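What follows is work.csv (CSV, C-alpha atoms).
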chain,number,residue,atom,x,y,z
T,1,MET,CA,27.1,13.6,-11.5
T,2,GLY,CA,27.1,13.2,-15.3
T,3,LEU,CA,24.7,14.8,-17.7
T,4,ARG,CA,22.6,13.3,-20.5
T,5,LYS,CA,21.9,15.1,-23.8
T,6,LEU,CA,18.6,14.2,-25.5
T,7,THR,CA,17.2,15.3,-28.8
T,8,ALA,CA,14.4,14.3,-31.2
T,9,ASP,CA,12.7,15.5,-34.3
T,10,GLN,CA,10.8,17.8,-32.1
T,11,ILE,CA,10.7,18.8,-28.4
T,12,PHE,CA,7.5,19.9,-26.8
T,13,THR,CA,8.5,22.1,-23.8
T,14,GLY,CA,5.1,22.1,-22.1
T,15,GLU,CA,4.0,25.1,-24.0
T,16,LYS,CA,5.3,24.9,-27.6
T,17,PHE,CA,7.2,22.8,-30.1
T,18,ILE,CA,10.9,23.5,-30.8
T,19,GLU,CA,13.3,21.9,-33.2
T,20,ASN,CA,17.1,21.5,-33.4
T,21,GLN,CA,17.4,21.7,-29.7
T,22,VAL,CA,19.0,19.4,-27.1
T,23,LEU,CA,17.5,18.7,-23.7
T,24,VAL,CA,20.3,18.5,-21.1
T,25,ILE,CA,19.4,16.6,-17.9
T,26,THR,CA,21.1,15.1,-14.9
T,27,GLU,CA,21.3,11.3,-14.7
T,28,ASP,CA,18.4,11.3,-12.3
T,29,GLY,CA,16.1,13.4,-14.6
T,30,PHE,CA,16.4,17.0,-13.4
T,31,ILE,CA,16.3,19.6,-16.2
T,32,GLU,CA,19.5,21.5,-16.7
T,33,THR,CA,18.9,23.4,-19.9
T,34,LEU,CA,17.8,23.5,-23.5
T,35,ILE,CA,20.5,24.4,-26.0
T,36,PRO,CA,20.9,24.4,-29.8
T,37,VAL,CA,22.2,21.2,-31.3
T,38,SER,CA,25.1,23.2,-32.7
T,39,ASP,CA,26.2,24.1,-29.1
T,40,ALA,CA,25.7,20.7,-27.5
T,41,GLY,CA,28.9,19.0,-28.5
T,42,ASP,CA,29.3,15.2,-28.5
T,43,GLY,CA,27.4,12.4,-26.8
T,44,ILE,CA,23.9,13.4,-27.9
T,45,GLU,CA,21.2,10.7,-27.7
T,46,ARG,CA,19.1,11.1,-30.9
T,47,MET,CA,15.5,9.7,-31.0
T,48,GLU,CA,12.8,9.6,-33.6
T,49,GLY,CA,9.7,11.4,-32.6
T,50,MET,CA,8.9,14.0,-30.1
T,51,LEU,CA,10.1,14.5,-26.5
T,52,THR,CA,7.5,15.8,-24.1
T,53,PRO,CA,7.2,16.3,-20.3
T,54,GLY,CA,5.5,13.5,-18.5
T,55,PHE,CA,1.7,13.5,-18.7
T,56,ILE,CA,-0.6,14.5,-15.8
T,57,ASN,CA,-3.8,12.6,-15.2
T,58,CYS,CA,-6.0,15.1,-13.3
T,59,HIS,CA,-8.9,12.8,-12.5
T,60,CYS,CA,-8.7,9.1,-11.7
T,61,HIS,CA,-10.4,6.6,-9.3
T,62,LEU,CA,-7.5,4.2,-8.8
T,63,GLU,CA,-9.5,2.4,-6.0
T,64,LEU,CA,-12.1,1.2,-8.7
T,65,SER,CA,-9.5,-0.4,-10.9
T,66,HIS,CA,-10.9,-3.9,-10.1
T,67,MET,CA,-14.2,-2.9,-11.7
T,68,LYS,CA,-12.9,-2.8,-15.3
T,69,GLY,CA,-15.6,-4.1,-17.7
T,70,LEU,CA,-18.2,-4.8,-14.9
T,71,ILE,CA,-20.6,-2.0,-15.7
T,72,PRO,CA,-22.3,-1.9,-19.1
T,73,GLU,CA,-21.7,1.1,-21.3
T,74,LYS,CA,-24.1,3.9,-22.1
T,75,THR,CA,-26.6,3.2,-19.3
T,76,GLY,CA,-26.5,6.8,-18.0
T,77,LEU,CA,-24.9,8.3,-15.0
T,78,THR,CA,-27.5,7.5,-12.4
T,79,ASP,CA,-27.5,3.8,-13.2
T,80,PHE,CA,-23.7,3.9,-13.3
T,81,VAL,CA,-23.5,5.4,-9.9
T,82,LEU,CA,-25.9,2.8,-8.5
T,83,ASN,CA,-23.8,0.0,-10.0
T,84,VAL,CA,-20.6,1.4,-8.5
T,85,VAL,CA,-22.2,1.8,-5.1
T,86,THR,CA,-23.6,-1.7,-5.1
T,87,GLN,CA,-20.9,-3.7,-6.9
T,88,ARG,CA,-17.6,-2.1,-5.7
T,89,TYR,CA,-17.0,-4.5,-2.8
T,90,PHE,CA,-14.6,-7.3,-3.7
T,91,ASP,CA,-11.9,-9.3,-1.9
T,92,GLU,CA,-9.2,-6.9,-0.7
T,93,GLU,CA,-6.3,-8.8,-2.3
T,94,LEU,CA,-8.0,-8.6,-5.7
T,95,ILE,CA,-8.6,-4.9,-5.3
T,96,LEU,CA,-4.9,-4.3,-4.3
T,97,ASN,CA,-3.7,-6.3,-7.2
T,98,ALA,CA,-5.9,-4.3,-9.6
T,99,ILE,CA,-4.6,-1.1,-8.1
T,100,GLU,CA,-1.0,-2.2,-8.7
T,101,THR,CA,-1.7,-3.2,-12.3
T,102,ALA,CA,-3.5,0.1,-13.0
T,103,GLU,CA,-0.6,2.1,-11.6
T,104,ASN,CA,1.8,0.1,-13.8
T,105,GLU,CA,-0.4,0.9,-16.8
T,106,MET,CA,-0.2,4.6,-16.0
T,107,LEU,CA,3.6,4.5,-15.6
T,108,GLY,CA,3.9,2.7,-19.0
T,109,ASN,CA,1.7,5.3,-20.6
T,110,GLY,CA,4.0,8.1,-19.6
T,111,ILE,CA,1.9,9.5,-16.7
T,112,VAL,CA,3.9,11.1,-13.9
T,113,ALA,CA,1.2,12.6,-11.6
T,114,VAL,CA,-2.4,11.8,-10.8
T,115,GLY,CA,-5.3,13.6,-9.1
T,116,ASP,CA,-6.8,10.5,-7.5
T,117,ILE,CA,-10.3,10.3,-5.8
T,118,CYS,CA,-10.2,8.3,-2.5
T,119,ASN,CA,-13.1,7.0,-0.6
T,120,ASN,CA,-10.9,4.6,1.5
T,121,THR,CA,-7.2,4.0,2.1
T,122,LEU,CA,-6.8,1.0,-0.2
T,123,THR,CA,-4.6,2.8,-2.7
T,124,LEU,CA,-2.1,3.9,0.0
T,125,GLN,CA,-0.2,0.6,0.0
T,126,GLN,CA,0.7,1.3,-3.6
T,127,LYS,CA,1.3,5.0,-3.4
T,128,ILE,CA,3.9,4.7,-0.7
T,129,LYS,CA,6.1,2.9,-3.2
T,130,ASN,CA,6.9,6.4,-4.5
T,131,ARG,CA,6.4,5.7,-8.2
T,132,LEU,CA,4.0,8.5,-9.1
T,133,ALA,CA,3.1,11.9,-7.7
T,134,TYR,CA,-0.4,12.0,-6.3
T,135,TYR,CA,-2.9,14.6,-5.2
T,136,ASN,CA,-5.2,12.6,-3.0
T,137,PHE,CA,-8.7,13.9,-3.1
T,138,ILE,CA,-10.5,12.5,-0.1
T,139,GLU,CA,-14.1,12.4,-1.2
T,140,ALA,CA,-17.0,13.2,1.1
T,141,SER,CA,-20.6,12.5,0.2
T,142,GLY,CA,-24.0,12.4,1.9
T,143,TRP,CA,-27.2,13.7,0.5
T,144,LEU,CA,-29.2,13.4,3.8
T,145,PRO,CA,-28.6,16.3,6.2
T,146,GLY,CA,-28.8,14.0,9.2
T,147,ILE,CA,-25.6,12.0,8.2
T,148,ALA,CA,-23.5,15.1,7.3
T,149,GLU,CA,-21.5,15.0,10.6
T,150,MET,CA,-20.8,11.2,10.4
T,151,ARG,CA,-19.7,11.4,6.7
T,152,PHE,CA,-17.5,14.4,7.4
T,153,GLU,CA,-15.8,12.6,10.3
T,154,ARG,CA,-15.2,9.5,8.2
T,155,SER,CA,-13.5,11.6,5.5
T,156,LYS,CA,-11.4,13.3,8.1
T,157,GLN,CA,-10.2,9.9,9.4
T,158,ILE,CA,-9.2,8.9,5.9
T,159,TYR,CA,-7.5,12.3,5.3
T,160,GLY,CA,-5.6,11.8,8.5
T,161,THR,CA,-4.3,8.5,7.4
T,162,PHE,CA,-3.0,9.9,4.1
T,163,ILE,CA,-1.4,12.9,5.9
T,164,GLN,CA,0.6,10.5,8.1
T,165,HIS,CA,2.1,9.0,4.9
T,166,SER,CA,2.6,12.2,3.0
T,167,THR,CA,6.4,12.5,3.2
T,168,PHE,CA,6.8,10.3,0.2
T,169,ASN,CA,7.2,11.7,-3.3
T,170,ILE,CA,5.1,14.7,-4.2
T,171,GLN,CA,2.1,14.2,-2.0
T,172,HIS,CA,-0.9,16.5,-1.5
T,173,ASN,CA,-4.2,15.9,0.2
T,174,SER,CA,-7.6,17.6,0.5
T,175,ILE,CA,-11.1,16.7,1.5
T,176,ILE,CA,-13.5,17.4,-1.4
T,177,PRO,CA,-17.2,17.2,-2.2
T,178,HIS,CA,-18.1,14.3,-4.4
T,179,ALA,CA,-20.8,16.0,-6.6
T,180,PRO,CA,-23.7,18.5,-6.2
T,181,TYR,CA,-26.3,15.7,-6.1
T,182,SER,CA,-24.6,13.9,-3.3
T,183,VAL,CA,-23.6,16.7,-0.8
T,184,SER,CA,-26.2,18.3,1.4
T,185,ALA,CA,-26.1,21.9,2.5
T,186,GLU,CA,-25.1,20.7,6.0
T,187,LEU,CA,-22.1,18.8,4.6
T,188,TRP,CA,-21.0,21.7,2.5
T,189,LYS,CA,-20.9,23.8,5.6
T,190,LEU,CA,-18.6,21.3,7.3
T,191,LEU,CA,-16.3,20.9,4.3
T,192,GLN,CA,-16.0,24.6,3.4
T,193,PRO,CA,-13.4,25.7,6.0
T,194,GLY,CA,-11.0,23.0,4.7
T,195,PHE,CA,-11.0,24.4,1.2
T,196,ALA,CA,-8.7,27.3,1.9
T,197,GLY,CA,-5.5,27.1,0.0
T,198,LYS,CA,-6.2,23.6,-1.3
T,199,VAL,CA,-6.9,22.1,-4.7
T,200,ILE,CA,-10.6,21.1,-4.7
T,201,SER,CA,-12.0,18.7,-7.3
T,202,ILE,CA,-15.7,18.1,-7.9
T,203,HIS,CA,-17.7,16.0,-10.4
T,204,ASN,CA,-19.6,18.7,-12.4
T,205,GLN,CA,-22.5,18.5,-14.8
T,206,GLU,CA,-21.7,15.0,-16.0
T,207,THR,CA,-25.4,14.4,-16.9
T,208,ALA,CA,-28.3,16.6,-17.9
T,209,ALA,CA,-30.2,15.1,-15.0
T,210,GLU,CA,-28.0,17.0,-12.6
T,211,ASP,CA,-29.2,20.4,-13.7
T,212,GLU,CA,-32.8,19.1,-14.0
T,213,LEU,CA,-32.6,18.3,-10.3
T,214,PHE,CA,-31.3,21.7,-9.3
T,215,PHE,CA,-33.6,23.6,-11.7
T,216,LYS,CA,-36.9,21.7,-11.2
T,217,GLY,CA,-36.4,19.0,-8.5
T,218,THR,CA,-37.3,16.3,-11.0
T,219,GLY,CA,-35.6,13.6,-13.1
T,220,ALA,CA,-33.3,10.6,-12.8
T,221,PHE,CA,-31.7,11.6,-9.5
T,222,ARG,CA,-35.0,11.6,-7.8
T,223,ASP,CA,-35.4,8.0,-9.1
T,224,LEU,CA,-31.9,7.1,-7.9
T,225,TYR,CA,-32.7,8.4,-4.4
T,226,LYS,CA,-35.8,6.2,-4.2
T,227,LYS,CA,-33.8,3.1,-5.4
T,228,MET,CA,-31.3,3.8,-2.6
T,229,ASN,CA,-34.0,4.4,0.0
T,230,ILE,CA,-33.0,8.0,0.5
T,231,ASP,CA,-35.8,10.3,1.7
T,232,ASP,CA,-35.2,13.4,-0.4
T,233,SER,CA,-38.3,15.3,0.7
T,234,PHE,CA,-36.1,17.9,2.5
T,235,PHE,CA,-34.7,19.2,-0.9
T,236,THR,CA,-36.1,22.3,-2.5
T,237,PRO,CA,-34.6,23.0,-5.9
T,238,PRO,CA,-32.8,26.4,-6.0
T,239,GLY,CA,-33.9,27.1,-9.6
T,240,CYS,CA,-30.4,27.4,-11.1
T,241,SER,CA,-27.8,25.1,-12.6
T,242,SER,CA,-25.9,22.9,-10.2
T,243,VAL,CA,-22.5,24.7,-10.6
T,244,GLN,CA,-24.1,28.1,-10.1
T,245,CYS,CA,-25.6,26.7,-6.8
T,246,TYR,CA,-22.4,25.3,-5.3
T,247,TYR,CA,-19.6,27.3,-6.9
T,248,PRO,CA,-19.7,30.2,-4.3
T,249,ASN,CA,-18.7,27.7,-1.6
T,250,LEU,CA,-15.3,27.2,-3.3
T,251,SER,CA,-14.0,30.8,-3.2
T,252,THR,CA,-11.2,30.2,-0.8
T,253,ALA,CA,-9.6,27.2,-2.7
T,254,LYS,CA,-6.3,27.7,-4.5
T,255,ASN,CA,-7.5,25.8,-7.5
T,256,VAL,CA,-10.8,24.2,-8.5
T,257,LEU,CA,-11.1,21.2,-10.8
T,258,LEU,CA,-14.5,21.0,-12.4
T,259,VAL,CA,-14.6,17.4,-13.8
T,260,HIS,CA,-16.5,16.2,-16.8
T,261,ASN,CA,-18.6,19.3,-17.7
T,262,SER,CA,-20.5,17.5,-20.4
T,263,PHE,CA,-23.5,19.8,-19.9
T,264,THR,CA,-21.8,23.1,-18.9
T,265,THR,CA,-23.3,26.1,-20.6
T,266,GLN,CA,-22.2,29.6,-21.6
T,267,SER,CA,-24.3,30.9,-18.7
T,268,ASP,CA,-22.3,28.7,-16.3
T,269,ILE,CA,-19.0,29.9,-17.6
T,270,GLU,CA,-20.1,33.6,-17.3
T,271,PHE,CA,-21.3,33.0,-13.8
T,272,ILE,CA,-17.9,31.5,-12.8
T,273,ARG,CA,-16.1,34.4,-14.5
T,274,GLU,CA,-18.2,37.0,-12.7
T,275,ARG,CA,-17.6,35.3,-9.3
T,276,ASN,CA,-13.9,35.3,-10.0
T,277,LYS,CA,-13.7,39.0,-10.6
T,278,LYS,CA,-13.7,39.3,-6.8
T,279,ALA,CA,-10.4,39.8,-5.0
T,280,GLN,CA,-10.2,36.3,-3.7
T,281,SER,CA,-10.9,33.6,-6.3
T,282,PRO,CA,-9.5,30.2,-7.2
T,283,GLY,CA,-7.9,29.1,-10.4
T,284,VAL,CA,-10.5,27.2,-12.3
T,285,PHE,CA,-9.7,24.2,-14.5
T,286,PHE,CA,-12.2,22.3,-16.6
T,287,CYS,CA,-11.1,18.6,-16.6
T,288,LEU,CA,-12.1,16.6,-19.6
T,289,CYS,CA,-12.6,12.8,-19.4
T,290,ILE,CA,-14.1,12.3,-22.8
T,291,LYS,CA,-13.8,8.5,-23.0
T,292,ALA,CA,-15.6,8.1,-19.7
T,293,ASN,CA,-18.3,10.5,-20.9
T,294,LEU,CA,-18.8,8.4,-24.0
T,295,TYR,CA,-18.8,5.2,-21.9
T,296,ILE,CA,-21.4,6.4,-19.3
T,297,GLU,CA,-23.6,8.9,-21.1
T,298,ASN,CA,-22.5,8.7,-24.7
T,299,ALA,CA,-21.9,12.4,-24.4
T,300,ILE,CA,-19.1,14.7,-25.5
T,301,PRO,CA,-18.1,17.8,-23.4
T,302,PRO,CA,-18.6,21.2,-25.1
T,303,ILE,CA,-14.9,21.7,-25.8
T,304,GLU,CA,-15.5,24.3,-28.5
T,305,LEU,CA,-17.4,26.4,-26.0
T,306,LEU,CA,-14.6,26.1,-23.4
T,307,LEU,CA,-12.0,27.1,-26.0
T,308,LYS,CA,-14.1,30.0,-27.2
T,309,ASN,CA,-14.2,31.3,-23.6
T,310,GLY,CA,-10.5,30.9,-23.0
T,311,CYS,CA,-11.1,28.3,-20.2
T,312,ASP,CA,-8.1,26.5,-18.8
T,313,ILE,CA,-8.4,22.8,-19.7
T,314,VAL,CA,-6.8,19.7,-18.2
T,315,LEU,CA,-7.3,16.0,-18.9
T,316,GLY,CA,-8.3,12.9,-16.9
T,317,THR,CA,-9.1,9.3,-17.5
T,318,ASP,CA,-11.7,8.7,-14.8
T,319,SER,CA,-11.7,5.0,-13.6
T,320,LEU,CA,-11.4,1.6,-15.2
T,321,ALA,CA,-15.0,1.2,-14.3
T,322,SER,CA,-15.8,3.8,-17.0
T,323,ASN,CA,-12.8,3.4,-19.3
T,324,ASP,CA,-10.9,0.7,-21.1
T,325,SER,CA,-7.5,2.3,-20.2
T,326,LEU,CA,-5.7,4.8,-18.0
T,327,ASP,CA,-4.0,6.5,-20.9
T,328,ILE,CA,-3.8,10.3,-21.4
T,329,LEU,CA,-2.6,9.9,-25.0
T,330,SER,CA,-5.7,7.9,-25.7
T,331,GLU,CA,-7.8,10.7,-24.3
T,332,MET,CA,-6.1,13.2,-26.6
T,333,LYS,CA,-6.7,11.0,-29.6
T,334,VAL,CA,-10.4,10.8,-28.9
T,335,ILE,CA,-10.7,14.5,-28.4
T,336,GLN,CA,-8.9,15.2,-31.6
T,337,SER,CA,-11.0,12.7,-33.5
T,338,ASN,CA,-14.1,14.6,-32.4
T,339,PHE,CA,-12.5,18.1,-32.7
T,340,PRO,CA,-10.0,17.8,-35.5
T,341,GLN,CA,-9.3,21.5,-35.5
T,342,ILE,CA,-7.5,21.1,-32.1
T,343,GLY,CA,-3.8,20.8,-32.7
T,344,ALA,CA,-1.3,18.6,-30.9
T,345,ALA,CA,0.4,21.5,-29.2
T,346,THR,CA,-2.9,22.5,-27.5
T,347,LEU,CA,-3.7,19.0,-26.4
T,348,LEU,CA,-0.2,18.4,-25.1
T,349,LYS,CA,-0.3,21.6,-23.0
T,350,TRP,CA,-3.5,20.4,-21.4
T,351,ALA,CA,-1.8,17.0,-20.7
T,352,THR,CA,1.4,18.5,-19.2
T,353,LEU,CA,1.8,22.1,-18.0
T,354,ASN,CA,-1.9,22.8,-17.4
T,355,GLY,CA,-2.3,19.6,-15.4
T,356,ALA,CA,0.8,20.4,-13.3
T,357,VAL,CA,-0.5,23.9,-12.6
T,358,ALA,CA,-4.0,22.6,-11.7
T,359,LEU,CA,-2.6,20.1,-9.2
T,360,ASP,CA,-0.3,22.6,-7.7
T,361,MET,CA,2.8,20.7,-8.9
T,362,SER,CA,4.2,23.0,-11.5
T,363,ASP,CA,7.2,23.8,-9.5
T,364,LYS,CA,8.4,20.3,-10.2
T,365,LEU,CA,6.4,18.9,-13.2
T,366,GLY,CA,4.8,19.9,-16.5
T,367,SER,CA,7.5,21.6,-18.5
T,368,PHE,CA,11.2,21.5,-19.4
T,369,VAL,CA,12.5,24.2,-17.1
T,370,LYS,CA,15.7,24.1,-15.2
T,371,GLY,CA,15.4,22.5,-11.8
T,372,LYS,CA,12.2,20.6,-12.6
T,373,LYS,CA,12.0,16.8,-12.8
T,374,PRO,CA,9.0,16.4,-15.0
T,375,GLY,CA,9.6,13.0,-16.5
T,376,ILE,CA,10.3,12.6,-20.2
T,377,ASN,CA,8.2,10.9,-22.8
T,378,LEU,CA,8.9,10.0,-26.4
T,379,VAL,CA,5.8,10.3,-28.6
T,380,SER,CA,6.3,8.6,-32.0
T,381,ASN,CA,4.4,8.4,-35.2
T,382,MET,CA,2.6,11.8,-35.0
T,383,GLN,CA,1.6,12.7,-38.5
T,384,ASN,CA,0.8,16.2,-39.7
T,385,ASP,CA,-0.1,17.4,-36.2
T,386,LYS,CA,-2.4,14.4,-35.8
T,387,LEU,CA,-2.1,12.0,-32.9
T,388,ALA,CA,-4.4,9.2,-34.2
T,389,LYS,CA,-1.5,6.8,-34.8
T,390,ALA,CA,0.9,8.1,-32.1
T,391,ALA,CA,2.5,5.9,-29.4
T,392,VAL,CA,4.1,7.0,-26.2
T,393,LYS,CA,7.2,5.5,-24.5
T,394,LYS,CA,8.6,6.6,-21.1
T,395,VAL,CA,12.2,7.8,-21.5
T,396,ILE,CA,12.8,8.7,-17.8
Would you give me this structure, written as structure tokens?
Amino acid sequence: MGLRKLTADQIFTGEKFIENQVLVITEDGFIETLIPVSDAGDGIERMEGMLTPGFINCHCHLELSHMKGLIPEKTGLTDFVLNVVTQRYFDEELILNAIETAENEMLGNGIVAVGDICNNTLTLQQKIKNRLAYYNFIEASGWLPGIAEMRFERSKQIYGTFIQHSTFNIQHNSIIPHAPYSVSAELWKLLQPGFAGKVISIHNQETAAEDELFFKGTGAFRDLYKKMNIDDSFFTPPGCSSVQCYYPNLSTAKNVLLVHNSFTTQSDIEFIRERNKKAQSPGVFFCLCIKANLYIENAIPPIELLLKNGCDIVLGTDSLASNDSLDILSEMKVIQSNFPQIGAATLLKWATLNGAVALDMSDKLGSFVKGKKPGINLVSNMQNDKLAKAAVKKVI
């Protein structure tokens, strides 16, 4: 099999920028080596811009792609959740077509792997085409203790269906809790044995109302339960933040993805750090979906706080119900527009190597290392470390 030699103005390896180097790959995209241009000989394909590994979208709801533009912006999370629950049911053919269109969009935007939230099996028809790598997060929810067993069994059935089709591409599956405000203590007990050695994702502190519920037992979620005819009289607030309440349940997971984190505090980060000093503790990744946070709550995650504490950060798009695109480069642009001190190398590492590690796919994706097949993107028009005008094109 022949080899291709690729070079550009810069190459981002997954960790750092390098120049005057050539990326040598097999014809089907496996990395052979990085060598100096002076040693590469003839036949080099020269490109303008920057070569990067394929992007990792750590949080998506592909099954909601048909809801693009249906829910008004900036209404707050509880109204958004109610709208999703009540408006998500459409003709199946329309949903399947939207899923295919959305996956095409991700491919065109240089995404190679997705952490995808699944409440049904509708995305499976597209996933078995083997175009992207997926970590399927089978979501379980149920606030009422009396429905815990039923909801858990439903999630197990969906999980079983995905497992039956998991020989294609890079395919991982786990059953996960939806969010602190939608999982009862009884459901947590049923879920917990399945966390061992898995990547577990959970929506975390997306709204201030979440912590208000767990600290005081008041606020917008109590109103949401009433609108949904849920009798929440059983609930006694534990008097701590939501993440400090549930995080001990996740100790056996391989990795934990805390998604959104718009209202995460220093105290929460310190709590997680102290818990993780124990012998058995998961890798913890804070997943940012800044465009969705702006769409739903008009809020921005405390990225400076996460950086100050040395937190591992990854990126997601959330769904087309809460975003105008499934584009990781666009997420990086919005982060940098709000935090101009964050350089391109940091953002690109979040979008590549960090994402691959978080989804337990770093043996194949995320960086230009011999034997990996990470995908290759060409990012053009980056100016003085700024991504505002940058564009991405998939090379392989």
>> Which residues are close to Asp360 in chain T, i.e. within 9 Å by only C-alpha atoms, leaving aside same-chain residues fewer than 3 positions away? Reply as a list in words.
In response: Tyr135, His172, Lys198, Val199, Lys254, Asn255, Gly355, Ala356, Val357 and Asp363 of chain T
Output C-alpha atoms of each residue in that selection to a file, as a CSV table (one decimal), keeping the file's coordinate frame.
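Heads up, here's the output in part.csv:
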chain,number,residue,atom,x,y,z
T,135,TYR,CA,-2.9,14.6,-5.2
T,172,HIS,CA,-0.9,16.5,-1.5
T,198,LYS,CA,-6.2,23.6,-1.3
T,199,VAL,CA,-6.9,22.1,-4.7
T,254,LYS,CA,-6.3,27.7,-4.5
T,255,ASN,CA,-7.5,25.8,-7.5
T,355,GLY,CA,-2.3,19.6,-15.4
T,356,ALA,CA,0.8,20.4,-13.3
T,357,VAL,CA,-0.5,23.9,-12.6
T,363,ASP,CA,7.2,23.8,-9.5
> Hey, what's within 6 Å of Ile111 in chain T if we count only C-alpha atoms and toss same-chain stuff fewer than 5 positions away? As a VMD selection string, please?
Replying inline: chain T and resid 54 to 56 106
> Taking all atoms listed in the file into account, which of T:Leu378, T:Ala220, T:Ala344, T:Leu124 comes nearest Lys16 in chain T?
Replying inline: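 Smallest distance to Lys16 in chain T is found for T:Ala344.
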Which residues, written as a PDB file with C-alpha atoms, in the frame of the given file, have at least one atom at most 9 Å from Ile269 in chain T, with all atoms listed in the file counted and residues fewer than 5 positions away on the same chain left out?
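The resulting around.pdb:
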ATOM      1  CA  THR T 264     -21.800  23.100 -18.900  1.00  0.00           C
ATOM      2  CA  GLU T 274     -18.200  37.000 -12.700  1.00  0.00           C
ATOM      3  CA  LEU T 306     -14.600  26.100 -23.400  1.00  0.00           C
ATOM      4  CA  ASN T 309     -14.200  31.300 -23.600  1.00  0.00           C
ATOM      5  CA  CYS T 311     -11.100  28.300 -20.200  1.00  0.00           C
TER       6      CYS T 311
END
> Taking (-36.5, 21.1, -10.0) in the file's coordinates as the center, which residues reach within 9 Å of it, counting all atoms listed in the file, put as a ChimeraX atom specification?
Replying inline: /T:211-219,236-240
> Of the candidates T:Asp116, T:Glu139, T:Asp324, T:Asp231, which one gets nearest to Cys58 in chain T if we count only C-alpha atoms?
Replying inline: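 That would be T:Asp116, the residue with the smallest distance to Cys58 in chain T.
CA of Glu186 in chain T is positioned 15.2 Å from CA of Ser233 in chain T.
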> Which of these residues is nearest to Glu27 in chain T, using only C-alpha atoms: T:Leu250, T:Leu6, T:Ile158, T:Leu258?
Replying inline: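 Of all the options, T:Leu6 lies closest to Glu27 in chain T.
Here CA of Arg4 in chain T and CA of Lys129 in chain T stand 26.1 Å from one another.
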> What is the distance between CA of Leu288 in chain T and CA of Thr352 in chain T, in Å to one decimal?
Replying inline: 13.6 Å
>> Show me the residues close to (-5.4, 4.9, -35.3) - anything with an atom within 12 Å, counting all atoms listed in the file - and format the list as an MDAnalysis selection string.
In response: chainID T and resid 329:330 333:334 336:337 381:383 386:391
Set out as a Markdown table a contact list for range 226-288 of chain T and range 78-101 of chain T with a cut-off of 12 Å, giving each residue of range 226-288 of chain T that qualifies its closest atom pair and distance in Å to one decimal, counting all atoms listed in the file, ordered by chain and rising residue number.
| residue | atom | partner | partner_atom | distance |
| --- | --- | --- | --- | --- |
| T:Lys226 | CA | T:Leu82 | CA | 11.3 |
| T:Lys227 | CA | T:Leu82 | CA | 8.5 |
| T:Met228 | CA | T:Leu82 | CA | 8.1 |
| T:Asn229 | CA | T:Leu82 | CA | 11.8 |
> So which one's closest to Gln21 in chain T, T:Leu320, T:Ile44, T:Ile376, T:Leu307? Using all atoms listed in the file, please.
Replying inline: T:Ile44
>> Could you check the closest approach to Leu144 in chain T for each of T:Met332, T:Ile11, T:Leu51, T:Val183 and tell me which residue wins, using all atoms listed in the file?
In response: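 Of the candidates, the smallest distance to Leu144 in chain T is held by T:Val183.
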> Hey, which of T:Gly375, T:His260, T:Asn120, T:Ser251 ends up closest to Lys277 in chain T? Count all atoms listed in the file.
Replying inline: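 Of T:Gly375, T:His260, T:Asn120, T:Ser251, the one nearest Lys277 in chain T is T:Ser251, counting all atoms listed in the file.
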> If we count all atoms listed in the file, what is near Glu297 in chain T at a cut-off of 7 Å, once residues fewer than 6 positions away on the same chain are taken out, given as a list of chain:residue names?
Replying inline: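 Residues near the query, excluding close chain neighbours: T:Lys74, T:Thr75, T:Gly76, T:Leu77.
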> If you count only C-alpha atoms, which residues fall within 9 Å of Pro302 in chain T, apart from same-chain ones fewer than 6 positions away, as a list in words?
Replying inline: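 The filter keeps Asn261, Ser262, Phe263, Thr264 and Thr265 of chain T.
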